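Visitor: Sharing data22.csv here; it has CSV, C-alpha atoms and all ligand atoms.
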```csv
chain,number,residue,atom,x,y,z
A,216,MET,CA,25.4,-4.6,-15.9
A,217,MET,CA,22.7,-2.2,-14.8
A,218,VAL,CA,19.8,-3.1,-12.7
A,219,PRO,CA,17.4,-0.2,-12.3
A,220,PHE,CA,15.3,-0.1,-9.1
A,221,LEU,CA,12.2,-0.2,-11.3
A,222,ASP,CA,11.7,-0.1,-15.1
A,223,PHE,CA,8.2,0.7,-16.3
A,224,ASN,CA,9.1,-0.2,-19.9
A,225,VAL,CA,9.8,-3.7,-18.8
A,226,VAL,CA,6.8,-3.9,-16.4
A,227,HIS,CA,4.5,-2.8,-19.3
A,228,ALA,CA,6.2,-4.7,-22.2
A,229,GLN,CA,3.7,-7.5,-22.1
A,230,VAL,CA,0.6,-5.2,-22.1
A,231,ARG,CA,1.8,-2.2,-24.1
A,232,GLU,CA,-0.5,-2.9,-27.1
A,233,LYS,CA,-3.5,-3.6,-24.9
A,234,LEU,CA,-2.9,-0.4,-22.9
A,235,SER,CA,-2.7,1.7,-26.1
A,236,LYS,CA,-5.9,0.1,-27.4
A,237,ALA,CA,-7.8,0.7,-24.2
A,238,ALA,CA,-6.6,4.3,-24.0
A,239,GLN,CA,-7.8,4.8,-27.6
A,240,GLN,CA,-11.2,3.4,-26.8
A,241,VAL,CA,-11.6,5.8,-23.9
A,242,ILE,CA,-10.5,8.7,-26.1
A,243,GLU,CA,-13.1,7.8,-28.7
A,244,SER,CA,-15.9,7.1,-26.2
A,245,GLY,CA,-16.2,10.7,-25.3
A,246,HIS,CA,-16.8,9.7,-21.6
A,247,TYR,CA,-13.9,10.7,-19.3
A,248,ILE,CA,-15.4,10.8,-15.8
A,249,LEU,CA,-17.4,8.1,-13.9
A,250,GLY,CA,-18.4,6.1,-17.0
A,251,GLN,CA,-18.3,2.5,-18.0
A,252,GLU,CA,-14.6,1.8,-17.4
A,253,VAL,CA,-14.8,2.9,-13.8
A,254,ALA,CA,-17.9,0.9,-13.2
A,255,LEU,CA,-16.4,-2.2,-14.8
A,256,PHE,CA,-13.1,-1.9,-13.0
A,257,GLU,CA,-14.9,-1.5,-9.7
A,258,LYS,CA,-16.8,-4.6,-10.3
A,259,GLU,CA,-13.8,-6.6,-11.4
A,260,PHE,CA,-11.5,-5.4,-8.6
A,261,ALA,CA,-14.2,-6.0,-5.9
A,262,GLN,CA,-14.6,-9.6,-7.2
A,263,TYR,CA,-10.8,-10.1,-7.3
A,264,CYS,CA,-10.5,-9.0,-3.6
A,265,GLY,CA,-13.6,-11.0,-2.6
A,266,VAL,CA,-15.7,-8.0,-1.3
A,267,SER,CA,-19.0,-6.7,-2.5
A,268,HIS,CA,-18.2,-3.0,-3.1
A,269,CYS,CA,-15.3,-1.1,-4.7
A,270,ILE,CA,-15.3,2.7,-5.0
A,271,GLY,CA,-12.7,4.2,-7.3
A,272,VAL,CA,-11.1,7.5,-6.2
A,273,ALA,CA,-8.4,9.8,-7.2
A,274,ASN,CA,-5.5,8.4,-5.1
A,275,GLY,CA,-4.7,6.3,-2.0
A,276,LEU,CA,-4.6,9.2,0.4
A,277,ASP,CA,-8.1,10.2,-0.6
A,278,ALA,CA,-9.2,6.6,-0.3
A,279,LEU,CA,-8.1,6.6,3.4
A,280,ARG,CA,-9.5,10.1,4.0
A,281,ILE,CA,-12.9,9.4,2.5
A,282,VAL,CA,-13.4,6.1,4.2
A,283,LEU,CA,-12.6,7.7,7.6
A,284,GLU,CA,-15.0,10.5,6.7
A,285,ALA,CA,-17.7,7.8,5.9
A,286,TYR,CA,-17.3,6.4,9.4
A,287,GLU,CA,-17.7,10.0,10.7
A,288,ILE,CA,-14.3,9.9,12.4
A,289,GLY,CA,-13.1,13.3,13.2
A,290,ALA,CA,-12.1,15.8,16.0
A,291,GLY,CA,-12.1,14.2,19.4
A,292,ASP,CA,-11.5,10.7,18.0
A,293,GLU,CA,-8.3,8.7,18.1
A,294,VAL,CA,-7.0,6.4,15.4
A,295,ILE,CA,-4.2,3.8,15.9
A,296,VAL,CA,-1.6,3.9,13.1
A,297,PRO,CA,1.8,2.2,12.7
A,298,THR,CA,4.9,4.2,13.4
A,299,ASN,CA,6.5,2.5,10.4
A,300,THR,CA,4.5,3.5,7.3
A,301,PHE,CA,4.4,5.9,4.4
A,302,ILE,CA,3.1,9.3,5.7
A,303,ALA,CA,-0.2,9.1,3.9
A,304,THR,CA,-1.6,6.7,6.6
A,305,TRP,CA,-1.1,9.4,9.2
A,306,LEU,CA,-2.1,12.4,7.0
A,307,ALA,CA,-5.5,10.9,6.2
A,308,VAL,CA,-6.3,10.7,9.9
A,309,SER,CA,-4.9,14.1,10.8
A,310,GLN,CA,-6.9,15.7,7.9
A,311,THR,CA,-10.2,14.5,9.5
A,312,GLY,CA,-9.3,16.4,12.7
A,313,ALA,CA,-8.8,13.1,14.6
A,314,THR,CA,-5.6,12.3,16.5
A,315,VAL,CA,-3.1,9.8,15.3
A,316,VAL,CA,-2.0,7.3,18.0
A,317,PRO,CA,1.2,5.7,16.7
A,318,VAL,CA,2.0,2.1,17.6
A,319,GLU,CA,5.3,0.4,17.0
A,320,PRO,CA,5.8,-2.5,14.6
A,321,SER,CA,7.4,-5.8,15.5
A,322,LEU,CA,11.0,-6.0,14.2
A,323,SER,CA,10.4,-9.3,12.3
A,324,THR,CA,7.2,-8.3,10.4
A,325,ARG,CA,7.9,-4.5,10.3
A,326,ASN,CA,4.1,-4.3,10.6
A,327,LEU,CA,1.8,-3.2,13.5
A,328,ASP,CA,2.6,-5.3,16.6
A,329,PRO,CA,-0.8,-6.5,17.9
A,330,GLU,CA,0.7,-6.9,21.4
A,331,LYS,CA,1.3,-3.2,21.6
A,332,ILE,CA,-2.1,-2.1,20.3
A,333,ARG,CA,-3.9,-2.9,23.5
A,334,ASP,CA,-1.9,-0.5,25.6
A,335,SER,CA,-2.7,2.4,23.3
A,336,ILE,CA,-6.5,2.1,23.4
A,337,THR,CA,-8.4,4.8,25.2
A,338,LYS,CA,-12.1,5.8,25.5
A,339,LYS,CA,-11.5,7.9,22.4
A,340,THR,CA,-10.2,5.2,20.2
A,341,ARG,CA,-12.4,4.6,17.2
A,342,ALA,CA,-10.3,2.8,14.6
A,343,ILE,CA,-7.1,0.9,13.8
A,344,ILE,CA,-5.4,1.2,10.5
A,345,PRO,CA,-3.0,-1.7,9.9
A,346,VAL,CA,-0.8,-1.3,6.9
A,347,HIS,CA,0.3,-4.3,4.9
A,348,LEU,CA,3.7,-2.8,4.5
A,349,TYR,CA,6.1,-3.9,1.7
A,350,GLY,CA,3.3,-6.3,0.5
A,351,LEU,CA,3.2,-8.5,3.7
A,352,PRO,CA,-0.2,-8.8,5.3
A,353,ALA,CA,-0.4,-7.5,8.9
A,354,GLN,CA,-1.4,-9.9,11.7
A,355,MET,CA,-5.1,-9.4,11.0
A,356,ASP,CA,-6.5,-12.2,13.2
A,357,GLU,CA,-5.0,-10.7,16.3
A,358,ILE,CA,-5.9,-7.1,15.2
A,359,ASN,CA,-9.5,-8.0,14.4
A,360,GLN,CA,-9.8,-9.8,17.8
A,361,ILE,CA,-8.7,-6.7,19.7
A,362,ALA,CA,-11.0,-4.5,17.5
A,363,LYS,CA,-13.9,-6.8,18.4
A,364,GLU,CA,-13.1,-6.7,22.1
A,365,PHE,CA,-13.1,-2.9,22.2
A,366,GLY,CA,-15.7,-2.1,19.5
A,367,LEU,CA,-13.2,-0.5,17.0
A,368,ILE,CA,-13.3,-0.2,13.3
A,369,VAL,CA,-10.5,-1.8,11.3
A,370,ILE,CA,-9.5,-0.1,8.0
A,371,GLU,CA,-6.7,-1.8,6.1
A,372,ASP,CA,-4.2,0.4,4.3
A,373,ALA,CA,-3.6,-2.0,1.4
A,374,ALA,CA,-1.7,0.4,-0.9
A,375,GLN,CA,1.3,-2.0,-1.0
A,376,SER,CA,-0.5,-5.3,-0.9
A,377,GLN,CA,-2.9,-5.8,-3.9
A,378,GLY,CA,-3.3,-9.6,-4.3
A,379,ALA,CA,-1.6,-10.6,-1.1
A,380,ARG,CA,-3.4,-13.3,0.9
A,381,TYR,CA,-3.8,-13.9,4.6
A,382,PHE,CA,-4.8,-17.5,5.5
A,383,GLY,CA,-6.1,-17.7,1.9
A,384,GLN,CA,-8.1,-14.5,1.9
A,385,ARG,CA,-7.0,-11.4,0.0
A,386,THR,CA,-6.1,-8.2,1.6
A,387,CYS,CA,-8.8,-5.5,1.2
A,388,SER,CA,-11.3,-8.1,2.5
A,389,LEU,CA,-9.8,-8.6,6.0
A,390,GLY,CA,-11.2,-5.6,7.9
A,391,ASP,CA,-14.3,-3.5,8.0
A,392,ALA,CA,-13.0,-1.5,5.0
A,393,ALA,CA,-9.8,-1.0,3.0
A,394,ALA,CA,-8.1,1.7,1.2
A,395,THR,CA,-5.7,1.1,-1.7
A,396,SER,CA,-3.6,3.1,-4.1
A,397,PHE,CA,-2.9,2.7,-7.8
A,398,TYR,CA,0.1,5.0,-7.9
A,399,PRO,CA,2.2,3.7,-10.9
A,400,GLY,CA,4.8,1.9,-8.7
A,401,LYS,CA,2.3,-0.1,-6.7
A,402,ASN,CA,1.7,-3.8,-7.5
A,403,LEU,CA,-1.5,-2.8,-9.3
A,404,GLY,CA,-0.4,0.6,-10.7
A,405,ALA,CA,-2.2,2.9,-13.1
A,406,LEU,CA,-0.4,5.2,-15.5
A,407,GLY,CA,-1.1,8.1,-13.2
A,408,ASP,CA,-2.9,8.5,-9.9
A,409,GLY,CA,-5.7,6.4,-8.7
A,410,GLY,CA,-7.1,4.7,-5.6
A,411,ALA,CA,-10.0,2.7,-4.2
A,412,ILE,CA,-12.1,1.9,-1.2
A,413,LEU,CA,-13.3,-1.6,-0.6
A,414,THR,CA,-15.9,-2.9,1.8
A,415,ASN,CA,-18.7,-5.3,2.4
A,416,ASP,CA,-20.7,-2.6,4.2
A,417,GLU,CA,-23.3,-1.2,1.9
A,418,ARG,CA,-24.0,1.9,4.0
A,419,ILE,CA,-20.3,2.9,4.0
A,420,ALA,CA,-19.9,2.1,0.3
A,421,THR,CA,-22.8,4.4,-0.6
A,422,ARG,CA,-21.4,7.2,1.6
A,423,CYS,CA,-18.0,6.8,-0.1
A,424,ARG,CA,-19.7,7.0,-3.5
A,425,TYR,CA,-21.3,10.3,-2.6
A,426,LEU,CA,-18.3,11.7,-0.8
A,427,ARG,CA,-15.9,11.1,-3.8
A,428,ASN,CA,-18.3,13.1,-6.0
A,429,TYR,CA,-19.1,16.4,-4.2
A,430,GLY,CA,-21.2,14.5,-1.6
A,431,SER,CA,-23.9,14.2,-4.3
A,432,SER,CA,-26.4,11.4,-4.6
A,433,VAL,CA,-28.2,12.9,-7.5
A,434,LYS,CA,-26.7,15.5,-9.7
A,435,TYR,CA,-26.8,19.0,-8.1
A,436,ASN,CA,-28.2,17.5,-4.8
A,437,HIS,CA,-25.5,17.5,-2.1
A,438,ASP,CA,-26.0,15.4,1.0
A,439,TYR,CA,-22.5,15.7,2.4
A,440,LEU,CA,-19.7,18.2,2.3
A,441,GLY,CA,-17.9,16.0,-0.3
A,442,PHE,CA,-14.7,15.9,-2.2
A,443,ASN,CA,-13.8,15.9,-5.9
A,444,SER,CA,-11.9,12.6,-5.9
A,445,ARG,CA,-12.9,10.4,-8.8
A,446,LEU,CA,-10.9,7.6,-10.5
A,447,ASP,CA,-10.5,8.7,-14.2
A,448,GLU,CA,-12.0,6.6,-17.0
A,449,ILE,CA,-8.6,6.4,-18.7
A,450,GLN,CA,-6.9,5.1,-15.5
A,451,ALA,CA,-9.7,2.6,-14.9
A,452,ALA,CA,-9.2,1.3,-18.5
A,453,MET,CA,-5.4,1.0,-17.8
A,454,LEU,CA,-6.2,-0.8,-14.5
A,455,ARG,CA,-8.5,-3.3,-16.1
A,456,VAL,CA,-5.7,-4.3,-18.5
A,457,LYS,CA,-3.2,-4.6,-15.6
A,458,LEU,CA,-5.6,-6.4,-13.3
A,459,GLU,CA,-5.6,-9.3,-15.8
A,460,ILE,CA,-1.9,-9.8,-15.2
A,461,LEU,CA,-1.7,-8.9,-11.5
A,462,ASP,CA,-1.4,-12.5,-10.2
A,463,GLU,CA,1.3,-13.2,-12.8
A,464,SER,CA,3.2,-10.0,-11.9
A,465,ASN,CA,2.9,-10.8,-8.2
A,466,ALA,CA,4.2,-14.4,-8.8
A,467,HIS,CA,7.3,-13.0,-10.5
A,468,ARG,CA,7.9,-10.7,-7.5
A,469,VAL,CA,7.6,-13.7,-5.2
A,470,TYR,CA,10.1,-15.6,-7.4
A,471,VAL,CA,12.6,-12.7,-7.3
A,472,ALA,CA,12.1,-12.5,-3.5
A,473,GLU,CA,12.7,-16.2,-3.0
A,474,ARG,CA,15.9,-16.1,-5.1
A,475,TYR,CA,17.1,-13.1,-3.0
A,476,THR,CA,16.3,-14.8,0.3
A,477,ALA,CA,18.0,-18.0,-0.8
A,478,GLY,CA,21.0,-16.3,-2.4
A,479,ILE,CA,21.9,-13.5,-0.1
A,480,LYS,CA,24.5,-14.7,2.3
A,481,SER,CA,26.0,-12.0,4.5
A,482,SER,CA,26.1,-11.9,8.3
A,483,GLU,CA,25.6,-8.2,8.1
A,484,ILE,CA,22.4,-8.3,6.2
A,485,SER,CA,18.9,-9.4,7.3
A,486,THR,CA,16.4,-10.5,4.7
A,487,PRO,CA,12.6,-10.3,5.2
A,488,GLU,CA,11.1,-13.0,7.5
A,489,PRO,CA,8.0,-15.0,6.6
A,490,LEU,CA,4.9,-14.8,8.7
A,491,PRO,CA,2.7,-17.9,9.2
A,492,GLY,CA,-0.5,-17.6,7.0
A,493,ALA,CA,0.7,-14.5,5.2
A,494,GLU,CA,1.5,-14.6,1.5
A,495,SER,CA,3.4,-11.4,0.7
A,496,VAL,CA,3.3,-9.9,-2.8
A,497,PHE,CA,6.6,-8.2,-2.2
A,498,HIS,CA,5.7,-4.7,-3.3
A,499,LEU,CA,9.2,-4.1,-1.9
A,500,TYR,CA,12.1,-6.4,-0.9
A,501,VAL,CA,13.5,-4.6,2.1
A,502,ILE,CA,16.7,-5.8,3.8
A,503,THR,CA,18.2,-4.3,6.9
A,504,THR,CA,21.9,-3.6,7.7
A,505,ASP,CA,23.8,-1.5,10.2
A,506,ARG,CA,26.0,-0.3,7.4
A,507,ARG,CA,23.4,1.0,5.1
A,508,GLU,CA,25.2,4.0,3.6
A,509,GLN,CA,28.2,1.8,2.7
A,510,LEU,CA,26.0,-0.9,1.2
A,511,GLU,CA,24.0,1.6,-0.8
A,512,GLN,CA,27.2,3.1,-2.2
A,513,HIS,CA,28.7,-0.3,-3.0
A,514,LEU,CA,25.5,-1.4,-4.9
A,515,ARG,CA,25.5,1.9,-6.8
A,516,GLY,CA,29.0,1.1,-7.9
A,517,CYS,CA,27.8,-2.3,-9.1
A,518,GLY,CA,25.0,-0.6,-11.2
A,519,VAL,CA,22.3,-1.7,-8.8
A,520,GLY,CA,19.6,0.8,-8.0
A,521,THR,CA,18.2,0.9,-4.4
A,522,LEU,CA,15.8,3.2,-2.5
A,523,ILE,CA,15.0,3.7,1.2
A,524,HIS,CA,11.4,3.1,2.4
A,525,TYR,CA,11.4,5.3,4.5
A,526,PRO,CA,14.2,7.5,5.6
A,527,ILE,CA,12.3,9.6,8.1
A,528,PRO,CA,9.4,8.2,10.2
A,529,PRO,CA,6.2,10.3,10.3
A,530,HIS,CA,6.7,11.4,13.9
A,531,LYS,CA,10.1,13.0,12.9
A,532,GLN,CA,8.6,15.0,10.0
A,533,LYS,CA,8.3,18.8,10.2
A,534,CYS,CA,4.5,18.6,9.6
A,535,TYR,CA,4.3,16.6,12.9
A,536,SER,CA,6.5,19.0,14.9
A,537,ALA,CA,4.5,18.4,18.1
A,538,MET,CA,5.6,14.8,18.0
A,539,ASN,CA,9.2,15.3,17.0
A,540,SER,CA,10.5,14.7,20.5
A,541,LEU,CA,8.7,11.4,20.9
A,542,CYS,CA,10.8,8.3,20.7
A,543,PHE,CA,9.7,5.2,18.7
A,544,PRO,CA,12.9,3.2,18.8
A,545,ILE,CA,11.8,0.4,16.4
A,546,ALA,CA,10.6,2.8,13.7
A,547,GLU,CA,13.7,4.9,14.2
A,548,HIS,CA,16.0,1.9,14.0
A,549,LEU,CA,14.2,0.7,10.8
A,550,SER,CA,14.5,4.2,9.2
A,551,CYS,CA,18.3,4.0,9.6
A,552,SER,CA,18.8,0.4,8.5
A,553,VAL,CA,16.3,-0.4,5.7
A,554,LEU,CA,17.3,-0.7,2.1
A,555,SER,CA,15.0,-1.7,-0.8
A,556,LEU,CA,16.5,-3.9,-3.6
A,557,PRO,CA,15.2,-3.9,-7.2
A,558,ILE,CA,12.1,-6.1,-7.6
A,559,PHE,CA,9.6,-5.8,-10.5
A,560,PRO,CA,7.7,-8.0,-13.0
A,561,GLY,CA,9.9,-8.8,-15.9
A,562,MET,CA,13.2,-8.7,-14.0
A,563,THR,CA,15.6,-11.2,-15.7
A,564,ASN,CA,17.5,-14.0,-14.1
A,565,GLU,CA,20.7,-12.2,-15.1
A,566,GLN,CA,19.6,-9.1,-13.2
A,567,ILE,CA,18.6,-11.2,-10.2
A,568,ASP,CA,22.0,-12.9,-10.2
A,569,HIS,CA,23.8,-9.6,-10.5
A,570,VAL,CA,21.9,-8.2,-7.5
A,571,ILE,CA,22.7,-11.3,-5.4
A,572,ASP,CA,26.4,-11.4,-6.4
A,573,SER,CA,26.7,-7.6,-5.8
A,574,VAL,CA,25.2,-7.9,-2.3
A,575,ASN,CA,27.4,-10.9,-1.4
A,576,ALA,CA,30.5,-9.0,-2.6
A,577,PHE,CA,29.9,-6.3,0.0
A,578,GLU,CA,32.5,-6.3,2.8
A,601,LIG,C1,1.3,4.8,-1.7
A,601,LIG,C2,0.8,4.7,-0.3
A,601,LIG,C3,-0.4,5.5,0.1
A,601,LIG,C4,-0.9,6.6,-0.7
A,601,LIG,O1,-1.2,6.4,-2.0
A,601,LIG,P1,-1.2,7.6,-3.0
A,601,LIG,O2,-2.0,7.1,-4.2
A,601,LIG,O3,0.2,8.0,-3.4
A,601,LIG,O4,-2.0,8.8,-2.4
A,601,LIG,C5,-0.9,5.2,1.3
A,601,LIG,N1,-0.4,4.3,2.2
A,601,LIG,C6,0.7,3.6,1.8
A,601,LIG,C7,1.2,2.6,2.8
A,601,LIG,C8,1.3,3.8,0.6
A,601,LIG,O5,2.4,3.1,0.3
```
Could you rewrite the structure in this file as structure tokens?

Guide:
Amino acid sequence: MMVPFLDFNVVHAQVREKLSKAAQQVIESGHYILGQEVALFEKEFAQYCGVSHCIGVANGLDALRIVLEAYEIGAGDEVIVPTNTFIATWLAVSQTGATVVPVEPSLSTRNLDPEKIRDSITKKTRAIIPVHLYGLPAQMDEINQIAKEFGLIVIEDAAQSQGARYFGQRTCSLGDAAATSFYPGKNLGALGDGGAILTNDERIATRCRYLRNYGSSVKYNHDYLGFNSRLDEIQAAMLRVKLEILDESNAHRVYVAERYTAGIKSSEISTPEPLPGAESVFHLYVITTDRREQLEQHLRGCGVGTLIHYPIPPHKQKCYSAMNSLCFPIAEHLSCSVLSLPIFPGMTNEQIDHVIDSVNAFE
């Protein structure tokens, strides 16, 4: 039996016709940039997240970059980021000219450790970017409390957490603003690139709206040195179809995760731990083991696809050469021991059983 890491044909089976019809409508509309589909999606997704403004952009990296720009964060500023994240979180900060200040995660949540944030705050600190990594909300109450104490901005990186709740409230509504990504593999994925900024702050929302479109408020009037980073009409139309089934898709991910956690019985493997108040949407189901290469190879032999998120922490990347000699032991430990198991909407019970049996047969 084969269990692919992710199968888009299965993910999209339920909405294939609707996607085709929606694409057809966009093709026939003759409007491809900043039209009705983007406007409607923004309204629907803002409502879904429980915030007043959503601004669709070209991808998740741009969402982070543009919202930082809207807060006028740049050279001379410091921004706290997790050591354990996809590199986009860091790149967005670096691209503004601001300095990334990496803070380690806690081993149990794999998310930013609020205890450690305090020690990294200086006079130059402007913002904190918690990432809801693998779909699990970060400890936002503690993070917001620290931010309030020091007058810092909190920008959620919610690229992996669409739909996740924290004490009943959806991610994207938990900080001053949020950035998310609709890369196809995300929980709410487009059929190409896409991203969005969410906020209740009207001033920031307006700036982001201008910044994504050449810094322009009125056509050919440019108030800011803006970007060209718009969500396409066709992707907005795809996202509107997929937003309708997001809760259902996430519920299936949670089901798969619960079955894995209950079924995996190996003293050498740790499964994700729950966090009080946090309802993960399991963008990824990430186990840890000291014998990762062997487990990976064993699962490949069983026909089970796995991936590593992520094999090299940002501070060890060539593009951050000045930081290569720094030591962040938790991020480094995670990068050597994490392994992501298949998890996607539409995964069958037989596939889930096969993954559990294969993992348990590892010795
Ligand atoms: C995917 C991702 C991004 C960036 O999204 P893109 O749309 O690929 O630019 C940012 N942060 C995290 C944590 C991500 O997983």

Visitor: How many Å lie between CA of Ala273 in chain A and CA of Ala228 in chain A, rounded to one decimal?

Guide: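 Answer for the CA of Ala273 in chain A to CA of Ala228 in chain A separation: 25.5 Å.
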
Visitor: Name the residues in contact with range 422-425 of chain A at a cut-off of 12 Å, using all atoms listed in the file, excluding same-chain residues fewer than 6 positions from it; report them as a ChimeraX atom specification.

Guide: /A:249,254,257,268-272,277-287,392-394,411-414,416,431-446

Visitor: Between A:Leu490, A:Leu348, A:Arg468, A:Met538, which has the minimum distance to Thr314 in chain A (counting all atoms listed in the file)?

Guide: A:Met538

Visitor: Within 10 Å of range 360-367 of chain A, counting all atoms listed in the file, which residues show up once you throw out same-chain ones fewer than 4 positions away? Write them as an mmCIF file with C-alpha atoms, keeping the file's coordinate frame, please.

Guide:
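This went into selection-v3.cif:
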```
data_model
loop_
_atom_site.group_PDB
_atom_site.id
_atom_site.type_symbol
_atom_site.label_atom_id
_atom_site.label_comp_id
_atom_site.auth_asym_id
_atom_site.auth_seq_id
_atom_site.Cartn_x
_atom_site.Cartn_y
_atom_site.Cartn_z
ATOM 1 C CA VAL A 294 -7.000 6.400 15.400
ATOM 2 C CA PRO A 329 -0.800 -6.500 17.900
ATOM 3 C CA GLU A 330 0.700 -6.900 21.400
ATOM 4 C CA ILE A 332 -2.100 -2.100 20.300
ATOM 5 C CA ARG A 333 -3.900 -2.900 23.500
ATOM 6 C CA ILE A 336 -6.500 2.100 23.400
ATOM 7 C CA THR A 337 -8.400 4.800 25.200
ATOM 8 C CA LYS A 338 -12.100 5.800 25.500
ATOM 9 C CA THR A 340 -10.200 5.200 20.200
ATOM 10 C CA ARG A 341 -12.400 4.600 17.200
ATOM 11 C CA ALA A 342 -10.300 2.800 14.600
ATOM 12 C CA ILE A 343 -7.100 0.900 13.800
ATOM 13 C CA MET A 355 -5.100 -9.400 11.000
ATOM 14 C CA ASP A 356 -6.500 -12.200 13.200
ATOM 15 C CA GLY A 390 -11.200 -5.600 7.900
ATOM 16 C CA ASP A 391 -14.300 -3.500 8.000
#
```

Visitor: Can you tell me which residues sit at most 10 Å away from ligand LIG 601 (chain A), counting all atoms listed in the file, written as an MDAnalysis selection string?

Guide: chainID A and resid 272:280 297 299:307 345:350 371:376 394:401 404:405 407:411 498 524

Visitor: Determine, counting all atoms listed in the file, every residue of protein, DNA or RNA that lies within 12 Å of (2.6, -17.9, 5.6) in the file coordinates, then give the result as an MDAnalysis selection string.

Guide: chainID A and resid 324 351:354 379:384 488:496

Visitor: Output requested as a PDB file, in the coordinates of the input - range 251-256 of chain A, filled out with all heavy atoms.

Guide:
```pdb
ATOM      1  N   GLN A 251     -18.292   3.921 -17.975  1.00  0.00           N
ATOM      2  CA  GLN A 251     -18.300   2.500 -18.000  1.00  0.00           C
ATOM      3  C   GLN A 251     -17.047   1.810 -17.505  1.00  0.00           C
ATOM      4  O   GLN A 251     -17.075   0.779 -16.833  1.00  0.00           O
ATOM      5  CB  GLN A 251     -18.701   2.045 -19.410  1.00  0.00           C
ATOM      6  CG  GLN A 251     -18.331   0.655 -19.787  1.00  0.00           C
ATOM      7  CD  GLN A 251     -18.752   0.372 -21.214  1.00  0.00           C
ATOM      8  OE1 GLN A 251     -19.943   0.301 -21.536  1.00  0.00           O
ATOM      9  NE2 GLN A 251     -17.768   0.247 -22.106  1.00  0.00           N
ATOM     10  N   GLU A 252     -15.894   2.404 -17.843  1.00  0.00           N
ATOM     11  CA  GLU A 252     -14.600   1.800 -17.400  1.00  0.00           C
ATOM     12  C   GLU A 252     -14.476   1.751 -15.930  1.00  0.00           C
ATOM     13  O   GLU A 252     -14.056   0.741 -15.363  1.00  0.00           O
ATOM     14  CB  GLU A 252     -13.425   2.550 -18.067  1.00  0.00           C
ATOM     15  CG  GLU A 252     -13.335   2.430 -19.567  1.00  0.00           C
ATOM     16  CD  GLU A 252     -13.095   0.996 -20.063  1.00  0.00           C
ATOM     17  OE1 GLU A 252     -12.340   0.258 -19.398  1.00  0.00           O
ATOM     18  OE2 GLU A 252     -13.662   0.633 -21.099  1.00  0.00           O
ATOM     19  N   VAL A 253     -14.828   2.848 -15.269  1.00  0.00           N
ATOM     20  CA  VAL A 253     -14.800   2.900 -13.800  1.00  0.00           C
ATOM     21  C   VAL A 253     -15.721   1.863 -13.214  1.00  0.00           C
ATOM     22  O   VAL A 253     -15.355   1.078 -12.333  1.00  0.00           O
ATOM     23  CB  VAL A 253     -15.035   4.310 -13.244  1.00  0.00           C
ATOM     24  CG1 VAL A 253     -15.225   4.275 -11.725  1.00  0.00           C
ATOM     25  CG2 VAL A 253     -13.898   5.258 -13.601  1.00  0.00           C
ATOM     26  N   ALA A 254     -16.931   1.829 -13.728  1.00  0.00           N
ATOM     27  CA  ALA A 254     -17.900   0.900 -13.200  1.00  0.00           C
ATOM     28  C   ALA A 254     -17.457  -0.565 -13.373  1.00  0.00           C
ATOM     29  O   ALA A 254     -17.568  -1.376 -12.447  1.00  0.00           O
ATOM     30  CB  ALA A 254     -19.269   1.090 -13.915  1.00  0.00           C
ATOM     31  N   LEU A 255     -16.891  -0.865 -14.548  1.00  0.00           N
ATOM     32  CA  LEU A 255     -16.400  -2.200 -14.800  1.00  0.00           C
ATOM     33  C   LEU A 255     -15.211  -2.575 -13.934  1.00  0.00           C
ATOM     34  O   LEU A 255     -15.110  -3.663 -13.369  1.00  0.00           O
ATOM     35  CB  LEU A 255     -16.105  -2.441 -16.275  1.00  0.00           C
ATOM     36  CG  LEU A 255     -17.333  -2.539 -17.189  1.00  0.00           C
ATOM     37  CD1 LEU A 255     -16.920  -2.483 -18.660  1.00  0.00           C
ATOM     38  CD2 LEU A 255     -18.126  -3.814 -16.905  1.00  0.00           C
ATOM     39  N   PHE A 256     -14.285  -1.635 -13.829  1.00  0.00           N
ATOM     40  CA  PHE A 256     -13.100  -1.900 -13.000  1.00  0.00           C
ATOM     41  C   PHE A 256     -13.524  -2.131 -11.541  1.00  0.00           C
ATOM     42  O   PHE A 256     -13.019  -3.049 -10.889  1.00  0.00           O
ATOM     43  CB  PHE A 256     -12.087  -0.746 -13.066  1.00  0.00           C
ATOM     44  CG  PHE A 256     -10.990  -0.933 -12.058  1.00  0.00           C
ATOM     45  CD1 PHE A 256     -10.034  -1.934 -12.236  1.00  0.00           C
ATOM     46  CD2 PHE A 256     -10.928  -0.159 -10.909  1.00  0.00           C
ATOM     47  CE1 PHE A 256      -9.038  -2.157 -11.282  1.00  0.00           C
ATOM     48  CE2 PHE A 256      -9.942  -0.374  -9.952  1.00  0.00           C
ATOM     49  CZ  PHE A 256      -8.993  -1.375 -10.137  1.00  0.00           C
TER      50      PHE A 256
END
```
